$ cat input-v4.cif   # mmCIF, C-alpha atoms
data_entry
#
loop_
_atom_site.label_atom_id
_atom_site.label_comp_id
_atom_site.auth_asym_id
_atom_site.auth_seq_id
_atom_site.Cartn_x
_atom_site.Cartn_y
_atom_site.Cartn_z
CA MET A 1 -18.13 52.25 35.50
CA THR A 2 -14.67 52.09 37.06
CA SER A 3 -11.80 53.86 35.28
CA VAL A 4 -9.38 50.96 35.89
CA LYS A 5 -8.00 49.36 32.74
CA ILE A 6 -5.93 46.24 32.34
CA SER A 7 -3.49 45.53 29.54
CA SER A 8 -2.74 41.87 30.24
CA VAL A 9 -4.38 38.70 31.48
CA GLU A 10 -1.89 38.72 34.37
CA GLN A 11 -3.22 42.09 35.56
CA ALA A 12 -6.77 40.77 35.37
CA SER A 13 -5.72 37.67 37.28
CA GLN A 14 -4.09 39.75 40.00
CA LEU A 15 -7.35 41.66 40.47
CA ALA A 16 -9.24 38.37 40.75
CA ALA A 17 -6.68 37.20 43.32
CA THR A 18 -7.18 40.40 45.32
CA GLN A 19 -10.91 39.74 45.42
CA ALA A 20 -10.21 36.20 46.62
CA MET A 21 -8.12 37.64 49.45
CA LEU A 22 -11.00 39.92 50.42
CA ALA A 23 -13.18 36.81 50.63
CA TYR A 24 -10.55 35.25 52.90
CA GLY A 25 -10.92 38.20 55.27
CA ASP A 26 -14.70 37.68 55.28
CA HIS A 27 -14.34 33.98 56.22
CA THR A 28 -16.18 32.79 53.13
CA PHE A 29 -15.14 30.75 50.09
CA CYS A 30 -11.99 32.42 48.76
CA VAL A 31 -13.02 33.14 45.19
CA GLY A 32 -13.18 36.48 43.42
CA GLY A 33 -13.68 37.87 39.96
CA LEU A 34 -14.27 40.82 37.71
CA LEU A 35 -16.02 41.87 34.53
CA VAL A 36 -13.64 43.08 31.82
CA ALA A 37 -14.76 44.82 28.60
CA SER A 38 -13.10 44.06 25.27
CA ASP A 39 -10.96 47.22 25.52
CA GLY A 40 -9.61 46.17 28.93
CA THR A 41 -11.88 48.36 31.05
CA VAL A 42 -12.66 46.74 34.39
CA ILE A 43 -16.41 47.14 34.75
CA HIS A 44 -16.90 45.67 38.22
CA GLN A 45 -15.20 43.44 40.80
CA MET A 46 -16.78 41.16 43.41
CA HIS A 47 -15.93 38.29 45.72
CA ASN A 48 -17.80 35.38 47.24
CA ARG A 49 -20.36 36.35 49.91
CA VAL A 50 -21.87 33.00 50.79
CA MET A 51 -20.90 33.61 54.41
CA VAL A 52 -21.31 36.97 56.17
CA ASP A 53 -20.42 37.46 59.84
CA ARG A 54 -19.54 33.75 59.91
CA THR A 55 -23.11 32.68 59.14
CA LEU A 56 -24.64 31.56 55.87
CA MET A 57 -26.25 34.48 54.06
CA ASP A 58 -26.72 33.24 50.49
CA PRO A 59 -25.55 29.84 49.17
CA THR A 60 -25.70 31.23 45.62
CA ALA A 61 -23.52 34.30 46.31
CA HIS A 62 -20.50 33.11 44.36
CA GLY A 63 -18.49 35.87 42.73
CA GLU A 64 -19.42 34.97 39.16
CA ARG A 65 -23.15 34.64 39.84
CA GLN A 66 -23.16 37.98 41.62
CA LEU A 67 -21.36 39.64 38.71
CA VAL A 68 -23.99 38.40 36.26
CA ASP A 69 -26.87 39.70 38.39
CA TRP A 70 -25.01 42.98 39.02
CA TYR A 71 -24.66 43.50 35.26
CA TYR A 72 -28.38 43.08 34.62
CA LYS A 73 -29.30 45.24 37.60
CA GLN A 74 -27.22 48.06 36.10
CA LEU A 75 -28.91 47.66 32.73
CA ALA A 76 -32.32 47.77 34.40
CA GLY A 77 -31.26 51.00 36.11
CA GLY A 78 -30.41 52.60 32.78
CA VAL A 79 -26.62 52.25 32.99
CA ALA A 80 -25.03 51.87 29.57
CA LEU A 81 -22.79 48.79 29.51
CA PRO A 82 -21.21 46.79 26.66
CA PRO A 83 -23.10 43.75 25.33
CA ALA A 84 -22.66 40.62 27.45
CA ASP A 85 -20.94 38.69 24.66
CA THR A 86 -18.14 41.28 24.57
CA ILE A 87 -17.48 41.02 28.32
CA SER A 88 -15.31 38.44 30.09
CA VAL A 89 -15.82 37.17 33.61
CA VAL A 90 -12.29 36.69 34.94
CA THR A 91 -12.47 34.35 37.94
CA SER A 92 -9.80 33.22 40.37
CA LEU A 93 -11.11 29.62 40.26
CA ASP A 94 -12.66 27.43 37.56
CA PRO A 95 -16.41 28.14 37.77
CA CYS A 96 -18.71 25.70 39.53
CA CYS A 97 -21.80 24.26 37.83
CA MET A 98 -24.06 27.07 39.05
CA CYS A 99 -21.73 29.82 37.82
CA THR A 100 -21.08 28.00 34.54
CA GLY A 101 -24.81 27.81 33.88
CA ALA A 102 -25.18 31.48 34.82
CA ILE A 103 -22.36 32.56 32.49
CA LEU A 104 -23.73 30.52 29.57
CA THR A 105 -27.29 31.71 30.20
CA ALA A 106 -26.22 35.36 30.25
CA GLY A 107 -23.86 35.05 27.27
CA PHE A 108 -20.62 36.24 28.89
CA ARG A 109 -17.18 34.83 28.19
CA ALA A 110 -15.10 33.33 31.00
CA VAL A 111 -11.41 33.32 31.90
CA THR A 112 -10.13 30.97 34.62
CA VAL A 113 -6.99 31.51 36.67
CA ALA A 114 -6.73 28.43 38.96
CA GLU A 115 -8.04 24.89 38.61
CA ASP A 116 -10.65 23.23 40.84
CA THR A 117 -10.37 19.45 40.65
CA THR A 118 -13.55 18.74 42.62
CA SER A 119 -16.24 21.22 41.64
CA GLY A 120 -14.83 23.08 38.62
CA ILE A 121 -16.70 22.67 35.35
CA ASN A 122 -13.43 21.56 33.70
CA TYR A 123 -12.23 19.70 36.80
CA ASP A 124 -10.22 17.09 34.87
CA SER A 125 -8.71 19.60 32.39
CA LEU A 126 -9.88 17.55 29.42
CA ASP A 127 -11.40 20.69 27.86
CA ASN A 128 -14.27 18.75 26.30
CA PHE A 129 -16.77 19.86 28.97
CA HIS A 130 -18.27 16.39 29.27
CA THR A 131 -19.66 17.61 32.60
CA LEU A 132 -22.30 19.57 30.65
CA PRO A 133 -25.26 18.29 28.64
CA VAL A 134 -24.17 17.56 25.07
CA GLY A 135 -25.93 20.59 23.60
CA LEU A 136 -24.05 23.00 25.88
CA ARG A 137 -20.55 21.70 25.22
CA PRO A 138 -19.84 23.67 22.01
CA ALA A 139 -20.91 26.91 23.73
CA ALA A 140 -18.60 26.16 26.68
CA GLN A 141 -15.69 25.40 24.37
CA ALA A 142 -16.23 28.76 22.67
CA THR A 143 -16.67 30.58 25.99
CA PHE A 144 -14.10 29.35 28.52
CA SER A 145 -10.44 30.39 28.38
CA TYR A 146 -7.60 28.88 30.40
CA PRO A 147 -4.58 31.12 29.73
CA ALA A 148 -1.09 29.66 29.98
CA ILE A 149 0.48 29.72 33.45
CA VAL A 150 4.22 30.20 33.23
CA GLY A 151 6.76 28.88 35.71
CA GLN A 152 8.54 25.74 36.87
CA SER A 153 6.03 24.60 39.51
CA GLY A 154 3.12 22.22 39.34
CA PHE A 155 0.84 25.20 38.74
CA ALA A 156 2.22 25.75 35.21
CA ARG A 157 -0.01 24.81 32.29
CA PRO A 158 -0.24 25.48 28.55
CA GLY A 159 -2.86 27.91 27.29
CA ARG A 160 -6.15 26.25 26.36
CA GLY A 161 -9.69 27.05 25.40
CA ALA A 162 -11.38 30.00 23.75
CA PRO A 163 -9.38 33.07 22.67
CA LEU A 164 -9.33 36.10 24.96
CA VAL A 165 -11.36 39.15 23.89
CA PHE A 166 -9.62 41.79 26.01
CA PRO A 167 -5.99 43.02 25.85
CA ALA A 168 -4.00 39.98 26.98
CA GLY A 169 -0.41 41.20 26.97
CA ASP A 170 1.66 38.09 26.35
CA GLY A 171 -1.43 36.01 27.21
CA THR A 172 0.08 34.33 30.27
CA ILE A 173 -0.49 34.21 34.02
CA ASP A 174 2.39 34.10 36.49
CA GLU A 175 2.54 30.90 38.54
CA LYS A 176 2.59 32.91 41.77
CA THR A 177 -0.78 34.48 40.94
CA ALA A 178 -2.28 31.11 40.06
CA ALA A 179 -0.80 29.51 43.18
CA LEU A 180 -2.31 32.20 45.39
CA CYS A 181 -5.76 31.74 43.84
CA GLU A 182 -5.70 27.97 44.26
CA MET A 183 -4.04 27.72 47.65
CA ILE A 184 -6.11 30.39 49.38
CA PHE A 185 -9.26 28.57 48.27
CA ASP A 186 -8.00 25.12 49.31
CA ASP A 187 -6.75 26.44 52.65
CA THR A 188 -10.19 27.50 53.86
CA LEU A 189 -12.55 25.24 51.89
CA MET A 190 -13.27 22.68 54.60
CA LYS A 191 -13.60 25.26 57.38
CA VAL A 192 -16.19 27.23 55.42
CA ARG A 193 -18.11 24.05 54.63
CA GLU A 194 -18.10 23.15 58.32
CA ASP A 195 -19.47 26.60 59.17
CA ILE A 196 -22.23 26.22 56.58
CA ASN A 197 -23.24 22.83 57.94
CA ASN A 198 -23.02 23.83 61.61
CA ASP A 199 -26.72 23.26 62.24
CA LEU A 200 -28.87 21.24 64.57
CA PRO A 201 -29.61 17.63 63.55
CA PRO A 202 -33.24 16.71 62.77
CA GLU A 203 -33.88 15.10 66.17
CA GLN A 204 -33.25 18.45 67.89
CA LEU A 205 -35.52 20.52 65.65
CA LEU A 206 -38.82 21.93 66.91
CA ASP A 207 -42.00 22.48 64.90
CA ILE A 208 -42.49 26.18 64.14
CA ARG A 209 -46.27 25.65 64.34
CA ASP A 210 -45.93 25.17 68.09
CA LEU A 211 -44.78 28.78 68.49
CA PRO A 212 -47.30 31.53 69.28
CA GLU A 213 -48.36 33.47 66.20
CA ASP A 214 -46.73 36.63 67.54
CA HIS A 215 -43.36 34.95 68.10
CA TYR A 216 -40.60 36.79 66.26
CA VAL A 217 -39.67 33.76 64.12
CA ARG A 218 -43.26 33.21 62.97
CA VAL A 219 -43.79 36.92 62.33
CA ALA A 220 -40.63 37.09 60.21
CA LEU A 221 -41.67 34.00 58.26
CA SER A 222 -45.14 35.42 57.59
CA ASN A 223 -43.60 38.68 56.42
CA ALA A 224 -41.36 36.73 54.05
CA ASP A 225 -44.30 34.84 52.59
CA PRO A 226 -47.99 35.25 53.51
CA LEU A 227 -48.58 31.63 52.45
CA ALA A 228 -46.13 30.33 55.04
CA LEU A 229 -47.66 27.61 57.26
CA SER A 230 -50.89 27.71 55.25
CA VAL A 231 -50.48 24.01 54.47
CA ASP A 232 -48.66 21.15 56.17
CA PHE A 233 -47.85 17.83 54.55
CA ARG A 234 -46.67 14.44 55.61
CA LYS A 235 -42.89 14.63 55.98
CA TYR A 236 -41.15 14.74 52.56
CA ALA A 237 -44.47 13.98 50.81
CA PRO A 238 -46.18 17.02 49.20
CA ASP A 239 -49.66 16.32 47.88
CA VAL A 240 -52.25 17.92 45.61
CA ARG A 241 -52.92 20.72 48.12
CA LEU A 242 -49.65 22.28 46.95
CA ALA A 243 -50.96 22.59 43.37
CA ALA A 244 -52.95 25.81 43.84
CA PRO A 245 -50.16 27.90 45.43
CA LEU A 246 -47.67 26.51 42.91
CA ALA A 247 -49.97 27.42 40.02
CA GLU A 248 -50.36 30.97 41.32
CA ALA A 249 -46.58 31.37 41.55
CA MET A 250 -46.13 29.79 38.12
CA ALA A 251 -48.34 32.49 36.60
CA ARG A 252 -46.23 35.17 38.29
CA ASP A 253 -43.08 33.52 37.00
CA GLN A 254 -44.35 33.67 33.44
CA ALA A 255 -45.48 37.28 33.84
CA GLN A 256 -41.97 38.12 35.10
CA GLY A 257 -40.19 36.61 32.11
CA GLY A 258 -39.84 32.98 33.18
CA PRO A 259 -41.09 29.69 31.70
CA GLY A 260 -43.84 29.32 34.28
CA ASP A 261 -41.84 27.67 37.02
CA ALA A 262 -42.22 27.95 40.80
CA VAL A 263 -40.45 26.39 43.77
CA ALA A 264 -41.81 25.68 47.24
CA LEU A 265 -39.78 24.89 50.35
CA LEU A 266 -41.21 22.55 52.98
CA ASP A 267 -39.52 22.25 56.36
CA HIS A 268 -38.48 19.12 58.22
CA PHE A 269 -42.01 18.70 59.59
CA GLY A 270 -43.74 19.17 56.22
CA ASN A 271 -44.81 22.79 56.76
CA LEU A 272 -44.94 25.06 53.71
CA MET A 273 -42.35 27.72 54.48
CA LEU A 274 -41.85 29.66 51.24
CA ILE A 275 -42.95 29.60 47.64
CA ARG A 276 -41.29 31.66 44.96
CA ALA A 277 -41.58 32.58 41.30
CA GLY A 278 -38.57 33.74 39.34
CA ASP A 279 -37.81 37.27 38.17
CA GLU A 280 -36.11 36.78 34.83
CA GLN A 281 -37.17 40.21 33.60
CA SER A 282 -34.63 41.58 36.07
CA SER A 283 -31.95 39.00 35.27
CA PRO A 284 -32.09 35.81 33.17
CA ILE A 285 -30.56 33.86 36.05
CA ARG A 286 -33.11 34.87 38.70
CA THR A 287 -35.06 31.64 38.38
CA ALA A 288 -37.64 30.36 40.84
CA PHE A 289 -35.16 28.07 42.57
CA MET A 290 -32.58 30.85 42.92
CA GLU A 291 -35.19 33.14 44.44
CA CYS A 292 -36.47 30.46 46.82
CA THR A 293 -33.16 29.28 48.23
CA ARG A 294 -31.88 32.86 48.57
CA ALA A 295 -35.06 34.03 50.34
CA TYR A 296 -34.83 31.22 52.90
CA ALA A 297 -31.12 31.83 53.49
CA ARG A 298 -31.67 35.56 53.97
CA LEU A 299 -34.48 34.91 56.46
CA ARG A 300 -32.31 32.57 58.49
CA HIS A 301 -29.34 34.94 58.40
CA GLU A 302 -31.38 37.93 59.54
CA LEU A 303 -32.96 36.04 62.44
CA PHE A 304 -29.69 34.48 63.53
CA GLN A 305 -28.14 37.96 63.65
CA LEU A 306 -31.03 39.29 65.75
CA HIS A 307 -30.67 36.40 68.18
CA ALA A 308 -26.89 36.80 68.37
CA THR A 309 -26.99 40.53 69.10
CA ASP A 310 -30.08 40.84 71.34
CA ARG A 311 -30.93 37.65 73.19
CA ALA A 312 -33.11 39.47 75.68
CA THR A 313 -35.58 40.41 72.93
CA TYR A 314 -34.98 37.34 70.75
CA PRO A 315 -34.23 34.56 73.27
CA GLU A 316 -35.02 31.40 71.30
CA ASP A 317 -32.39 30.17 68.86
CA PRO A 318 -33.88 30.33 65.33
CA HIS A 319 -31.86 27.21 64.48
CA LEU A 320 -34.47 25.28 66.45
CA PHE A 321 -37.24 26.20 64.00
CA LEU A 322 -35.49 27.02 60.70
CA ALA A 323 -33.59 23.93 59.65
CA HIS A 324 -30.67 23.74 57.26
CA PRO A 325 -32.16 23.29 53.76
CA LYS A 326 -30.75 19.76 53.55
CA TYR A 327 -33.36 18.75 56.16
CA CYS A 328 -36.13 20.46 54.18
CA THR A 329 -37.73 19.61 50.83
CA PHE A 330 -37.65 21.68 47.64
CA VAL A 331 -40.62 21.12 45.33
CA ALA A 332 -40.30 22.60 41.82
CA ALA A 333 -43.12 22.91 39.34
CA LEU A 334 -40.84 22.09 36.40
CA GLY A 335 -38.17 19.42 36.26
CA PRO A 336 -34.70 19.88 34.81
CA ASP A 337 -34.02 20.06 31.09
CA HIS A 338 -30.86 20.21 28.98
CA GLY A 339 -30.50 24.01 29.02
CA ALA A 340 -27.90 26.24 30.65
CA GLN A 341 -30.40 27.80 33.02
CA SER A 342 -31.51 24.40 34.28
CA TYR A 343 -27.89 23.34 34.73
CA MET A 344 -27.33 26.48 36.78
CA VAL A 345 -30.25 25.50 39.02
CA LEU A 346 -28.85 22.00 39.59
CA GLY A 347 -25.55 23.62 40.52
CA ALA A 348 -27.27 26.10 42.82
CA TYR A 349 -29.05 23.23 44.53
CA GLY A 350 -25.64 21.63 45.07
CA SER A 351 -24.33 24.88 46.53
CA THR A 352 -27.33 24.99 48.86
CA MET A 353 -26.61 21.47 50.11
CA GLU A 354 -22.80 21.98 50.27
CA GLY A 355 -22.47 18.39 51.40
CA PRO A 356 -24.17 14.98 51.07
CA VAL A 357 -27.95 14.86 51.00
CA PRO A 358 -29.04 13.20 54.30
CA GLU A 359 -29.95 9.54 53.94
CA GLN A 360 -33.18 10.09 55.87
CA ASN A 361 -34.30 12.62 53.26
CA PRO A 362 -33.68 10.92 49.91
CA MET A 363 -36.33 12.95 48.04
CA GLN A 364 -34.94 16.31 49.09
CA TYR A 365 -35.45 17.86 45.63
CA GLN A 366 -38.70 17.00 43.85
CA TYR A 367 -40.43 18.25 40.72
CA CYS A 368 -43.91 17.95 39.24
CA VAL A 369 -43.55 18.23 35.45
CA ASP A 370 -41.09 16.21 33.37
CA ARG A 371 -39.36 18.27 30.69
CA ILE A 372 -36.91 15.49 29.83
CA SER A 373 -37.08 11.83 30.80
CA ARG A 374 -36.10 10.59 34.25
CA ALA A 375 -33.19 8.71 32.66
CA GLU A 376 -31.96 11.90 30.98
CA VAL A 377 -32.11 13.78 34.29
CA LYS A 378 -29.98 11.06 35.87
CA ASP A 379 -27.48 11.24 33.01
CA VAL A 380 -27.11 15.03 33.41
CA CYS A 381 -26.51 14.68 37.16
CA ALA A 382 -24.12 11.73 36.81
CA ALA A 383 -21.89 13.72 34.42
CA MET A 384 -21.48 16.66 36.80
CA PRO A 385 -18.12 17.22 38.56
CA PRO A 386 -17.33 15.00 41.58
CA LEU A 387 -18.68 17.38 44.23
CA TYR A 388 -22.15 17.13 42.69
CA SER A 389 -22.22 13.57 41.36
CA GLU A 390 -20.17 11.71 43.99
CA ILE A 391 -20.35 13.75 47.22
CA ILE A 392 -23.68 15.58 47.19
CA LYS A 393 -25.18 12.97 44.84
CA ILE A 394 -27.71 15.27 43.19
CA ASP A 395 -30.70 13.23 42.02
CA PRO A 396 -34.01 15.10 41.65
CA ASP A 397 -37.14 12.95 41.89
CA PRO A 398 -40.62 13.33 40.39
CA VAL A 399 -43.23 13.95 43.10
CA ALA A 400 -44.91 10.76 44.26
CA ASP A 401 -48.43 12.24 44.39
CA GLN A 402 -49.83 11.81 40.90
CA LYS A 403 -52.72 14.21 41.53
CA LEU A 404 -50.21 16.95 42.37
CA ALA A 405 -48.17 16.15 39.25
CA ALA A 406 -51.27 16.19 37.04
CA ALA A 407 -52.63 19.44 38.48
CA VAL A 408 -49.31 21.26 38.02
CA ARG A 409 -48.92 19.85 34.51
CA ASP A 410 -52.39 21.17 33.65
CA ALA A 411 -51.44 24.59 35.03
CA TRP A 412 -48.28 24.64 32.93
CA GLU A 413 -50.16 23.63 29.78
CA ARG A 414 -52.60 26.48 30.35
CA LEU A 415 -49.71 28.93 30.69
CA LYS A 416 -48.17 27.70 27.44
CA ALA A 417 -51.45 27.92 25.52
#
$ encode --input "input-v4.cif" --output "structure tokens"
Amino acid sequence: MTSVKISSVEQASQLAATQAMLAYGDHTFCVGGLLVASDGTVIHQMHNRVMVDRTLMDPTAHGERQLVDWYYKQLAGGVALPPADTISVVTSLDPCCMCTGAILTAGFRAVTVAEDTTSGINYDSLDNFHTLPVGLRPAAQATFSYPAIVGQSGFARPGRGAPLVFPAGDGTIDEKTAALCEMIFDDTLMKVREDINNDLPPEQLLDIRDLPEDHYVRVALSNADPLALSVDFRKYAPDVRLAAPLAEAMARDQAQGGPGDAVALLDHFGNLMLIRAGDEQSSPIRTAFMECTRAYARLRHELFQLHATDRATYPEDPHLFLAHPKYCTFVAALGPDHGAQSYMVLGAYGSTMEGPVPEQNPMQYQYCVDRISRAEVKDVCAAMPPLYSEIIKIDPDPVADQKLAAAVRDAWERLKA
């Protein structure tokens, strides 16, 4: 644990701003944060790492999400840390839906420096958290703090939200600190999004099955998942043949602390690329979707780096065979529910898309088992901040193949028995 201690919310905010500046230097989303114990001890600091070396490495690597996983990794390694509910995540920007769900799932408190009027959980500053399912709103109101920002500029605000649990000084943030956190994020937001979406369009993609089995892209994919390319489906239309591998991963998910979920990723041509269970024994936010989207992003990043640094050995551009996830199809065993963990997953899906879902792929996110009604799923998604509800337009769909849905439902019932 670091020996740094803060004695005011302004000091904590300055550290978050410094982390945001480090993100700026890494050409990723300029957001940073820290974990602060109730006595003011700074436990750890991190910044956004969605982009590394100007290529997408992990769409879920927001500062807050990383801090939550870091905390649980330390606990698993035997490090003595304070209980989560006595620790505050101080973040330079109002948390997104993914990070909000992660914070609520893990039980931390949250302190926000700058506002985010597009993707922040409290984007309209109404403080009623209507962006969340009804059952999560009281927890958010008791969790999220928006300290007063003092000054004469448009960045000033009154203090709002939950009380601080670490030494707050006079409980205020200087307008210059808040302005830095907001402006550095806004200044680079569109450029980072352009970098994330700098991929080949569907008409230029090539089918990975046409590569020789010893091609470096196919070898890397097989190493990432032995089931890769074991099944191919009609484009965007998984069928009952996906039930068996999903059921196997669902059992692993339950054995590793999850509810029995699993998520498969199919590429633009319908090939099964990856299938993942969660690992909630390691961290309560390592769900199946988080593991799947991160595994695919890591694979792409590693291969793009090989191609960029040694084109003699790795001549073909991996972009040709490993499409942006928005041109692929995620298939989850379990549909969304009203819980914080599920809300985190919807937010993580939004972070994976980082832009509108392509019109030619309307069923980009599918699920097999209803946990709440289709109408309730739509209501949850419609209430999300504008980035998710109006720009990305998140709208998960039940799978069309009823045999697949029935087989996965039977597998889940067996796991629950």
$ atom_distance --input "input-v4.cif" --atom1 "CA of Val4 in chain A" --atom2 "CA of Arg160 in chain A"
26.7 Å
$ closest_residue --input "input-v4.cif" --among "A:Met344, A:Ala277, A:Ala228, A:Val113" --to "Gly171 in chain A" --atoms "all atoms listed in the file"
A:Val113
$ resolve_selection --input "input-v4.cif" --expression "the PyMOL selection byres ((chain A and resi 350) around 12)" --output "PyMOL selection string"
chain A and resi 59-60+96-99+119+289-290+293+325-326+343-349+351-357+364-365+381+384-396
$ resolve_selection --input "input-v4.cif" --expression "the PyMOL selection byres ((chain A and resi 48) around 10)" --output "PyMOL selection string"
chain A and resi 19-20+22-24+26-33+46-47+49-52+58-66
$ resolve_selection --input "input-v4.cif" --expression "the PyMOL selection byres ((chain A and resi 247-252) around 7)" --output "PyMOL selection string"
chain A and resi 243-246+253-256+260-262+276-277+408+411
$ atom_distance --input "input-v4.cif" --atom1 "CA of Thr143 in chain A" --atom2 "CA of Val9 in chain A"
15.7 Å
$ closest_atom_pairs --input "input-v4.cif" --of "range 232-325 of chain A" --to "range 182-197 of chain A" --cutoff "12 Å" --atoms "only C-alpha atoms" --output "tab-separated table"
residue	atom	partner	partner_atom	distance
A:Ala297	CA	A:Ile196	CA	11.0
A:His301	CA	A:Ile196	CA	11.4
A:His319	CA	A:Asn197	CA	11.7
A:Ala323	CA	A:Asn197	CA	10.5
A:His324	CA	A:Asn197	CA	7.5
A:Pro325	CA	A:Asn197	CA	9.9
$ write_last_selection --input "input-v4.cif" --atoms "C-alpha atoms" --output "PDB file, keeping the file's coordinate frame"
ATOM      1  CA  ALA A 297     -31.120  31.830  53.490  1.00  0.00           C
ATOM      2  CA  HIS A 301     -29.340  34.940  58.400  1.00  0.00           C
ATOM      3  CA  HIS A 319     -31.860  27.210  64.480  1.00  0.00           C
ATOM      4  CA  ALA A 323     -33.590  23.930  59.650  1.00  0.00           C
ATOM      5  CA  HIS A 324     -30.670  23.740  57.260  1.00  0.00           C
ATOM      6  CA  PRO A 325     -32.160  23.290  53.760  1.00  0.00           C
TER       7      PRO A 325
END
$ closest_residue --input "input-v4.cif" --among "A:Ser3, A:Asn223, A:Thr18, A:Gln341" --to "Gly107 in chain A" --atoms "all atoms listed in the file"
A:Gln341
$ residues_around --input "input-v4.cif" --residues "His268 in chain A" --least-positions-apart "5" --cutoff "12 Å" --atoms "all atoms listed in the file" --output "PyMOL selection string"
chain A and resi 200-209+232-237+273+320-330+358+360-361+364
$ residues_around --input "input-v4.cif" --residues "Tyr72 in chain A" --least-positions-apart "5" --cutoff "10 Å" --atoms "all atoms listed in the file" --output "PDB file with C-alpha atoms, in the coordinates of the input"
ATOM      1  CA  LEU A  67     -21.360  39.640  38.710  1.00  0.00           C
ATOM      2  CA  GLY A  77     -31.260  51.000  36.110  1.00  0.00           C
ATOM      3  CA  GLY A  78     -30.410  52.600  32.780  1.00  0.00           C
ATOM      4  CA  VAL A  79     -26.620  52.250  32.990  1.00  0.00           C
ATOM      5  CA  LEU A  81     -22.790  48.790  29.510  1.00  0.00           C
ATOM      6  CA  ALA A  84     -22.660  40.620  27.450  1.00  0.00           C
ATOM      7  CA  ALA A 106     -26.220  35.360  30.250  1.00  0.00           C
ATOM      8  CA  GLU A 280     -36.110  36.780  34.830  1.00  0.00           C
ATOM      9  CA  GLN A 281     -37.170  40.210  33.600  1.00  0.00           C
ATOM     10  CA  SER A 282     -34.630  41.580  36.070  1.00  0.00           C
ATOM     11  CA  SER A 283     -31.950  39.000  35.270  1.00  0.00           C
ATOM     12  CA  PRO A 284     -32.090  35.810  33.170  1.00  0.00           C
ATOM     13  CA  ILE A 285     -30.560  33.860  36.050  1.00  0.00           C
TER      14      ILE A 285
END
$ atom_distance --input "input-v4.cif" --atom1 "CA of Asp337 in chain A" --atom2 "CA of Asp279 in chain A"
19.0 Å
$ residues_around --input "input-v4.cif" --residues "Ser88 in chain A" --least-positions-apart "2" --cutoff "7 Å" --atoms "only C-alpha atoms" --output "JSON, numbers by chain"
{"A": [35, 36, 37, 86, 90, 108, 109, 110, 111]}
$ closest_residue --input "input-v4.cif" --among "A:Met57, A:Ser38, A:Ala17, A:Thr177" --to "Gln305 in chain A" --atoms "all atoms listed in the file"
A:Met57
$ residues_near_point --input "input-v4.cif" --point "(-29.1, 38.2, 64.2)" --cutoff "12 Å" --atoms "only C-alpha atoms" --output "list of chain:residue names"
A:Val52, A:Asp53, A:Arg54, A:Thr55, A:Leu56, A:Met57, A:Tyr216, A:Val217, A:Arg298, A:Leu299, A:Arg300, A:His301, A:Glu302, A:Leu303, A:Phe304, A:Gln305, A:Leu306, A:His307, A:Ala308, A:Thr309, A:Asp310, A:Arg311, A:Thr313, A:Tyr314, A:Pro315, A:Glu316, A:Asp317, A:Pro318, A:His319
$ closest_residue --input "input-v4.cif" --among "A:Leu211, A:Leu93, A:Ile275, A:Leu34" --to "Leu227 in chain A" --atoms "only C-alpha atoms"
A:Ile275
$ decode --input "input-v4.cif" --residues "range 350-357 of chain A" --atoms "N, CA, C and O atoms" --output "PDB file, in the first residue's frame"
ATOM      1  N   GLY A 350     -21.646  -1.370 -24.275  1.00  0.00           N
ATOM      2  CA  GLY A 350     -21.597  -0.047 -24.886  1.00  0.00           C
ATOM      3  C   GLY A 350     -20.176   0.428 -25.099  1.00  0.00           C
ATOM      4  O   GLY A 350     -19.837   0.992 -26.145  1.00  0.00           O
ATOM      5  N   SER A 351     -19.303   0.184 -24.120  1.00  0.00           N
ATOM      6  CA  SER A 351     -17.899   0.577 -24.261  1.00  0.00           C
ATOM      7  C   SER A 351     -17.211  -0.227 -25.351  1.00  0.00           C
ATOM      8  O   SER A 351     -16.280   0.267 -26.001  1.00  0.00           O
ATOM      9  N   THR A 352     -17.627  -1.449 -25.564  1.00  0.00           N
ATOM     10  CA  THR A 352     -17.070  -2.271 -26.639  1.00  0.00           C
ATOM     11  C   THR A 352     -17.488  -1.742 -28.006  1.00  0.00           C
ATOM     12  O   THR A 352     -16.684  -1.709 -28.941  1.00  0.00           O
ATOM     13  N   MET A 353     -18.730  -1.301 -28.120  1.00  0.00           N
ATOM     14  CA  MET A 353     -19.205  -0.726 -29.384  1.00  0.00           C
ATOM     15  C   MET A 353     -18.575   0.649 -29.616  1.00  0.00           C
ATOM     16  O   MET A 353     -18.092   0.962 -30.695  1.00  0.00           O
ATOM     17  N   GLU A 354     -18.614   1.513 -28.603  1.00  0.00           N
ATOM     18  CA  GLU A 354     -18.067   2.880 -28.667  1.00  0.00           C
ATOM     19  C   GLU A 354     -18.533   3.606 -29.925  1.00  0.00           C
ATOM     20  O   GLU A 354     -17.782   4.311 -30.595  1.00  0.00           O
ATOM     21  N   GLY A 355     -19.791   3.417 -30.236  1.00  0.00           N
ATOM     22  CA  GLY A 355     -20.397   4.052 -31.397  1.00  0.00           C
ATOM     23  C   GLY A 355     -21.655   3.293 -31.786  1.00  0.00           C
ATOM     24  O   GLY A 355     -21.962   2.234 -31.207  1.00  0.00           O
ATOM     25  N   PRO A 356     -22.425   3.791 -32.748  1.00  0.00           N
ATOM     26  CA  PRO A 356     -23.685   3.146 -33.121  1.00  0.00           C
ATOM     27  C   PRO A 356     -23.493   1.703 -33.571  1.00  0.00           C
ATOM     28  O   PRO A 356     -22.511   1.374 -34.246  1.00  0.00           O
ATOM     29  N   VAL A 357     -24.443   0.859 -33.211  1.00  0.00           N
ATOM     30  CA  VAL A 357     -24.451  -0.515 -33.720  1.00  0.00           C
ATOM     31  C   VAL A 357     -24.786  -0.454 -35.206  1.00  0.00           C
ATOM     32  O   VAL A 357     -25.731   0.227 -35.612  1.00  0.00           O
TER      33      VAL A 357
END
